[in-house]
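A.B. asks: Before I ask anything, here is the structure I am working with.
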Amino acid sequence: MAVPIVGGLLKRRERRRLRRVMRGYRVLRETNQLGKIAAVKDAIANTCLNGCTTGSRKLIFGSGIGAAEMVVRQYLLVRLAAVNLNKALLHALGEPVSGVVHPLPPEWRGVLREHGFAVSEIKSSLLWNSYVALHLFYGVIAIARRILESSSNILRGSGENLGRYAFFHGLSPGNLPRPGSLGRTHDIVSWYLQWPGRVPDLDTIGHTVPTAPAFGADGVSIVPLAGAIRPLADAGPLARYIGWGIAATLAAAMDLVRGRWWHGIILNEASNASMIRRHAPADLARDYLFHNSTWIFRPLWTYEAEKRGSRITYYFYSTNCESFKTPDGYPLQENFWQAMNWPYYLVWDEYQAEFVRRAVGQTANVSVVGPIWFHSGTSEIPSLPQRSVAVFDVEPHRQSRYQSLGMAQEYFVPETANRFLLDIHDVLSECGATMVLKQKRAIGKLLNRSYGAVLDSLGTSDRFVPIDPGTSASRLIESCAAVISMPFTSTALLAREMERPTIYYDPLGAVQKDDRAAHGIAVVSGRDELRTWLQSVLARPGEGGENSGGKPIVGTTNSIDSVAAQPLNMSTTE
């Protein structure tokens with residue numbers, strides 16, 4: 001009986017906390033201060049952790065010593081200043097007698113006070129010190145794990161011979177080619193293989209999708225790997241790693257006592273960087289690729305890989321990154337983009353290139369490469385009626401989830417999303433066309449109930465076809481006469497590349513038509529403008545549906561589309 005009782009108490013406690021978070025959000029809304037959370041987080045992102053700048057050890061940071069403060073700041077921004085910080089701030093607003101309780105370094109606790117938040121200093125300090133101590137312990141465990149993995153690898157006398165390879169970080173099964181499937185495959189690996197700027201003469205592409213079999217495409221082996229950090233294969237480098245591990249652990253522990261907490265925080269990352277230092281340059285990937293869901297943290301080990309000749313590439317598979325323009329101009333940019341320092345960025349167009357430069361500086365190394373494919377869904381496109389129009393929305397989350405995001409602008413809410421769907425359906429029905437809806441993603445219980453009710457009501461219409469969220473957006477666009485997207489999703493840019501008529505539809509007139517986040521695509525506001533646009537594009541000769549003759553994606557035809565998956569016998573080195 002004890003466990004159910006404890007579980008019930010924890011659930012009640014979490015419900016009380018959630019109610020206070022939502023109360024805090026209402027306080028901000030009622031006082032017209034929804035931008036308060038964004039302002040605090042922007043200030044945190046721009047507040048240096050001063051001790052890291054002058055008191056960092058090269059033993060720990062290695063080739064990243066020149067960016068030590070930035071490495072630590074990025075690490076903490078991603079882990080401590082995301083949604084959990086939003087909740088802590090909102091909770092404090094919803095429960096005025098209590099201050100903010102959250103593990104933050106002293107400099108950032110000072111930022112909260114500067115922005116009018118009371119901080120529970122004792123509780124927050126205890127949480128912070130515990131957080132640092134746990135990271136030091138975790139770093140020691142990580143070093144021990146790397147030693148055991150490498151020892152086992154050496155004892156087996158084997159290792160994967162990848163040859164000249166590239167490595168993709170953070171992929172899922174839908175990001176890999178679909179060998180043997182009919183039609184094009186619009187995944188990131190296929191995109192990379194056809195991109196003229198890729199590393200030439202590759203033997204292998206590695207990824208971390210453990211369930212995927214090894215197969216070949218375009219003469220390149222595509223294989224799952226345990227991770228970017230491979231075990232050592234020789235006793236000499238392992239002995240040097242063990243020596244480093246002992247020295248780094250002792251240094252981090254002593255520094256923690258002296259108040260230099262950052263070495264304990266980053267010890268796990270340092271263990272990975274030290275592993276990269278023990279590998280010969282030829283054993284490293286020629287290109288390590290990270291996508292924009294990786295967000296801003298650049299791992300410490302990438303500084304070592306870059307020094308040894310590897311390229312570190314950060315690519316945007318999406319363009320929906322910017323804050324909306326308001327009648328008063330552009331607000332603070334959310335999500336800490338200004339804290340990035342990747343050495344190489346791939347973007348869709350010059351609009352996105354300027355976004356990166358505004359965030360990190362005009363000297364950013366940016367390449368404009370056109371739309372970057374990312375996910376090739378497993379679901380097939382059903383047979384669609386003539387005069388079908390593809391519609392791409394952003395599902396609203398349930399209220400408790402949305403409010404915890406602490407967003408400065410209320411746009412992706414039920415009022416907008418429901419009106420978006422209903423307006424488009426009604427106007428398309430008037431025009432004798434069919435609405436083909438692909439939701440952004442399946443979010444299960446997080447979905448707002450009123451939005452779900454709208455979907456249920458549309459499901460009874462013969463002018464509405466729902467498409468599995470896992471379906472390839474590119475293939476759906478090819479099958480339709482026109483495309484309507486919610487601001488400012490990337491599908492509008494895909495449609496433009498494929499020469500399909502495309503707009504952003506804003507049902508409430510809240511979006512500024514000259515917003516740079518639109519990337520030059522027209523913003524249509526309200527039913528009347530939507531009706532005029534649809535009547536124009538659907539009246540064009542040849543605009544009809546899956547056989548309407550639109551332009552296919554340029555450069556997508558390659559042997560990946562027809563290659564059958566075949567197991568590979570990976571050679572080993574002694």
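In the structure tokens, chains take letters A, B, ... by order of appearance, with residues numbered from 1 within each chain and ligands from 1 in the order shown.
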Can you pull out every residue within 8 Å of Lys325 of chain A, counting only C-alpha atoms, but drop anything in the same chain fewer than 4 positions away, and send it as an mmCIF file with N, CA and C atoms, in the first residue's frame?
C.D. replies:
```cif
data_model
loop_
_atom_site.group_PDB
_atom_site.id
_atom_site.type_symbol
_atom_site.label_atom_id
_atom_site.label_comp_id
_atom_site.auth_asym_id
_atom_site.auth_seq_id
_atom_site.Cartn_x
_atom_site.Cartn_y
_atom_site.Cartn_z
ATOM 1 N N GLY A 329 7.476 46.264 -34.200
ATOM 2 C CA GLY A 329 8.778 45.812 -34.680
ATOM 3 C C GLY A 329 9.068 44.390 -34.235
ATOM 4 N N TYR A 330 10.334 44.015 -34.346
ATOM 5 C CA TYR A 330 10.725 42.645 -34.019
ATOM 6 C C TYR A 330 11.061 42.527 -32.531
ATOM 7 N N PRO A 331 10.497 41.528 -31.847
ATOM 8 C CA PRO A 331 10.767 41.343 -30.422
ATOM 9 C C PRO A 331 12.098 40.637 -30.208
ATOM 10 N N VAL A 511 -0.483 38.303 -38.074
ATOM 11 C CA VAL A 511 0.864 38.258 -38.628
ATOM 12 C C VAL A 511 1.088 39.449 -39.546
ATOM 13 N N GLN A 512 2.244 40.081 -39.399
ATOM 14 C CA GLN A 512 2.603 41.199 -40.273
ATOM 15 C C GLN A 512 2.992 40.663 -41.649
ATOM 16 N N ASP A 515 6.717 40.395 -42.560
ATOM 17 C CA ASP A 515 7.594 39.719 -41.608
ATOM 18 C C ASP A 515 8.691 38.974 -42.356
#
```
A.B. asks: Let's see if you can do this: from backbone DSSP, list all strand (DSSP E) residues in segment 318-500 of chain A, as a ChimeraX atom specification.
C.D. replies: /A:345-347,366-368,388-392,434-438,464-467,482-485
A.B. asks: If you keep C-alpha atoms, can you produce a file of those selected residues as a compact mmCIF listing (two decimals), in the first residue's frame?
C.D. replies:
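As a result, part_32.txt now contains:
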```
# COMPACT_ATOMS: atom_id res chain seq x y z
CA TYR A 345 26.11 26.41 -40.86
CA LEU A 346 23.93 25.08 -43.68
CA VAL A 347 20.73 27.07 -44.33
CA VAL A 366 27.12 30.12 -43.62
CA SER A 367 26.30 28.25 -46.84
CA VAL A 368 22.94 28.64 -48.59
CA SER A 388 -6.60 18.66 -53.72
CA VAL A 389 -4.79 21.28 -51.64
CA ALA A 390 -2.13 20.28 -49.11
CA VAL A 391 -2.52 21.96 -45.71
CA PHE A 392 0.17 22.03 -43.03
CA THR A 434 -10.44 19.01 -51.13
CA MET A 435 -8.46 19.81 -48.00
CA VAL A 436 -5.60 17.34 -47.42
CA LEU A 437 -4.27 17.92 -43.90
CA LYS A 438 -0.92 16.73 -42.66
CA PHE A 464 -11.39 16.53 -45.99
CA VAL A 465 -8.61 13.95 -46.19
CA PRO A 466 -6.33 13.51 -43.12
CA ILE A 467 -2.81 12.31 -43.82
CA ALA A 482 -1.45 24.05 -54.09
CA VAL A 483 -0.13 24.36 -50.56
CA ILE A 484 -1.36 26.32 -47.52
CA SER A 485 0.85 26.46 -44.43
```
A.B. asks: Tell me which of A:Asn320, A:Asn268, A:Gln74, A:Ser400 sits closest to Phe488 of chain A, counting only C-alpha atoms.
C.D. replies: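 Residue with the minimum atom-to-atom distance to Phe488 of chain A: A:Asn320.
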A.B. asks: Identify which of the residues A:Val360, A:Cys321, A:Leu176, A:Ala282 lies closest to Ala518 of chain A, counting only C-alpha atoms when measuring atom-to-atom distances.
C.D. replies: A:Cys321
A.B. asks: Find, counting only C-alpha atoms, the residue in A:Ala473, A:Ile521, A:Val257, A:Val454 that gets nearest to Asn418 of chain A.
C.D. replies: A:Val454
A.B. asks: If you count only C-alpha atoms, which residues fall within 9 Å of Ser150 of chain A, apart from same-chain ones fewer than 5 positions away, as JSON, numbers by chain?
C.D. replies: {"A": [145, 155, 230, 231, 232, 233, 234, 235, 238]}
A.B. asks: Hey, which of A:Met70, A:Leu89, A:Ile60, A:Leu202 ends up closest to Ala247 of chain A? Count only C-alpha atoms.
C.D. replies: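 Among the listed residues, the smallest separation from Ala247 of chain A belongs to A:Ile60.
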A.B. asks: Could you tell me which of A:Gly62, A:Gly227, A:Ala81, A:Val369 comes closest to Arg146 of chain A if we count only C-alpha atoms?
C.D. replies: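 Among A:Gly62, A:Gly227, A:Ala81, A:Val369, it is A:Gly227 that comes nearest to Arg146 of chain A.
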A.B. asks: Could you give me the residues within segment 9-50 of chain A that DSSP places in alpha helix (DSSP H), as an NGL selection string?
C.D. replies: :A and (9-30 or 36-45 or 50)
A.B. asks: Export C-alpha atoms of the chosen residues as a tab-separated table (two decimals), in the first residue's frame?
C.D. replies:
```
chain	number	residue	atom	x	y	z
A	9	LEU	CA	0.85	12.23	-2.93
A	10	LEU	CA	3.38	12.97	-5.66
A	11	LYS	CA	0.63	13.35	-8.26
A	12	ARG	CA	-1.32	15.74	-6.04
A	13	ARG	CA	1.84	17.74	-5.40
A	14	GLU	CA	2.54	17.97	-9.13
A	15	ARG	CA	-1.04	19.06	-9.83
A	16	ARG	CA	-0.74	21.82	-7.23
A	17	ARG	CA	2.54	22.94	-8.77
A	18	LEU	CA	0.99	22.93	-12.24
A	19	ARG	CA	-1.94	25.05	-11.05
A	20	ARG	CA	0.50	27.60	-9.64
A	21	VAL	CA	2.45	27.64	-12.91
A	22	MET	CA	-0.76	28.32	-14.84
A	23	ARG	CA	-1.71	31.00	-12.31
A	24	GLY	CA	1.65	32.65	-12.90
A	25	TYR	CA	1.03	32.62	-16.64
A	26	ARG	CA	-2.33	34.31	-16.12
A	27	VAL	CA	-0.59	37.00	-14.04
A	28	LEU	CA	1.72	37.76	-16.98
A	29	ARG	CA	-1.13	37.77	-19.48
A	30	GLU	CA	-3.38	40.00	-17.40
A	36	LYS	CA	8.94	38.76	-19.22
A	37	ILE	CA	10.15	35.14	-19.35
A	38	ALA	CA	11.80	35.71	-22.73
A	39	ALA	CA	13.53	38.84	-21.41
A	40	VAL	CA	14.94	36.98	-18.41
A	41	LYS	CA	16.22	34.13	-20.55
A	42	ASP	CA	17.74	36.50	-23.08
A	43	ALA	CA	19.63	38.21	-20.26
A	44	ILE	CA	20.82	34.85	-18.93
A	45	ALA	CA	22.03	33.82	-22.38
A	50	ASN	CA	33.15	35.00	-15.40
```
A.B. asks: I'd like to know which of A:Asn448, A:Leu530, A:Tyr505, A:Glu410 is closest to Leu428 of chain A, using only C-alpha atoms.
C.D. replies: A:Leu530
A.B. asks: Would you list the contacts of Val119 of chain A as a VMD selection string, taking every protein, DNA or RNA residue within 8 Å and counting only C-alpha atoms, but skipping same-chain residues closer than 3 positions in sequence?
C.D. replies: chain A and resid 99 to 101 109 112 to 113 124
A.B. asks: Near Val209 of chain A, within 9 Å and counting only C-alpha atoms, which residues show up once chain neighbours fewer than 4 positions away are dropped, as a list in words?
C.D. replies: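 Residues near the query, excluding close chain neighbours: Gly170, Leu171, Ser172, Pro173, Leu176, Pro213, Val223, Pro224, Leu225 and Ala226 of chain A.
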A.B. asks: Fewer than 6 positions away in the same chain doesn't count, so skip those; otherwise give me all residues within 12 Å of Thr294 of chain A, counting only C-alpha atoms, as an MDAnalysis selection string.
C.D. replies: chainID A and resid 74:75 78 168:171 313:317 335 337 340 342
A.B. asks: Dump C-alpha atoms for the selected residues as a PDB file, in the first residue's frame?
C.D. replies:
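Saved the output as selection-v6.pdb:
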```pdb
ATOM      1  CA  GLN A  74      25.771  26.582 -23.634  1.00  0.00           C
ATOM      2  CA  TYR A  75      25.713  23.390 -21.582  1.00  0.00           C
ATOM      3  CA  VAL A  78      20.295  23.741 -22.592  1.00  0.00           C
ATOM      4  CA  PHE A 168      25.106  12.114 -38.370  1.00  0.00           C
ATOM      5  CA  HIS A 169      24.163  12.980 -34.813  1.00  0.00           C
ATOM      6  CA  GLY A 170      20.634  12.549 -33.456  1.00  0.00           C
ATOM      7  CA  LEU A 171      18.784  10.729 -36.253  1.00  0.00           C
ATOM      8  CA  THR A 313      28.506  21.010 -39.677  1.00  0.00           C
ATOM      9  CA  TYR A 314      25.319  22.397 -38.169  1.00  0.00           C
ATOM     10  CA  TYR A 315      22.344  22.217 -40.544  1.00  0.00           C
ATOM     11  CA  PHE A 316      18.831  23.623 -40.347  1.00  0.00           C
ATOM     12  CA  TYR A 317      16.225  21.115 -41.492  1.00  0.00           C
ATOM     13  CA  ASN A 335      15.585  30.100 -27.751  1.00  0.00           C
ATOM     14  CA  TRP A 337      20.253  31.267 -30.770  1.00  0.00           C
ATOM     15  CA  MET A 340      25.664  29.407 -30.800  1.00  0.00           C
ATOM     16  CA  TRP A 342      29.231  26.363 -34.583  1.00  0.00           C
TER      17      TRP A 342
END
```
